[in-house]
Amino acid sequence: MSHQNRYQTPAYLKKKKRKLIIKISLISFLSVTIFVAMIYLFNYQKFQIVAIEISETQFVEQSEITKEIEGLLSGKNFLLFKKTNSLFIRRKKISNEIVNKFLPIKGADVRVDNKIVKVEVSEFEPVALYCQIFNIEHQENSDNSASENLNLIEEKDGLEKCFLMNNEGQIFYQLNDLDNLVIQNDKLIEFRGMNFQESPLGYYYFDSERFGTLHDFAEGLSKIDMKVNTINTNDKETFEVKIDEGPSLLIESNDESAVTLLNNLKTTIEIEEINDIQFKNLEYIDLRFGKNIYYKIK
């Protein structure tokens, strides 16, 4: 019998097949064992989170953030592995979901320490107010969740709502009665005139660049003892800056920087020799034409 034929005998082939079956069985057994061990490890109580801790917040209830995280951690991955396993918490996803869910939150640092999910929340700092009167019919038909706990002031034509804006002019929070103290203490400038047809949460007052110019202009006025009460617009092109015990200042949406506007205003006051008494008796000062500034006496 040749060397080649000897390895083709039925006895040899049967033995070879048996070895292959044993090998496959062992590999399958080890794979199943490892898989079961992983399931046990991922679901073992010792590795599950025991608590969720949220840092102190001003505008978003800590319980609401906790509830959102609990929802993200409920159930299992691939229907097998608990999402609450402290070794495999998806911190980046939790952080992104919190920021996307809650407008007042600008960032969330998520970490796991000793089986506790700890979330350090950073909220937007309010720099201004946006207030608008909504008609009663719209208020009755609006979403209840958006109208709860609002600071509503009855007016002739409807109800007034006030909101907080961040430094980019985004409207991020609806004020309620308990927030009145915050408004009084911070003395925030009040913006008006966008006339949203629905809840303005998440929207911007004009655009962030223009809002920055308006806000910086108002801040600059305060440094020269001109307190701004409101900034209003009827056409989104001309903005009326109302001064406390003083005239309205008219500027355009495409005006130059706040520094230029302030310099033009101060130069006009100096050149025209307008004193405090005269200033209070002005009806308006028009800053819409560059260095050519006009004003009207009451």
# chains A, B, ... in the order shown; residues from 1 in each chain; ligands from 1

$ residues_around --residues "Phe206 in chain A" --least-positions-apart "5" --cutoff "10 Å" --atoms "only C-alpha atoms" --output "list in words"
Glu168, Gly169, Gln170, Gly193, Met194, Phe211, Lys236, Glu237 and Ser253 of chain A

$ atom_distance --atom1 "CA of Thr233 in chain A" --atom2 "CA of Ser257 in chain A"
18.2 Å

$ residues_around --residues "Val241 in chain A" --least-positions-apart "5" --cutoff "7 Å" --atoms "only C-alpha atoms" --output "PyMOL selection string"
chain A and resi 228+230-232+248-250

$ closest_residue --among "A:Glu53, A:Glu61, A:Glu190, A:Asp235" --to "Arg111 in chain A" --atoms "only C-alpha atoms"
A:Glu53

$ atom_distance --atom1 "CA of Lys115 in chain A" --atom2 "CA of Thr33 in chain A"
26.6 Å

$ select_by_dssp --residues "range 60-292 of chain A" --states "strand (DSSP E or B)" --output "MDAnalysis selection string"
chainID A and resid 76:77 81:82 85 105:113 116:123 128:134 153:154 159:165 170:174 189:191 204 228:233 238:243 248:252 282:286
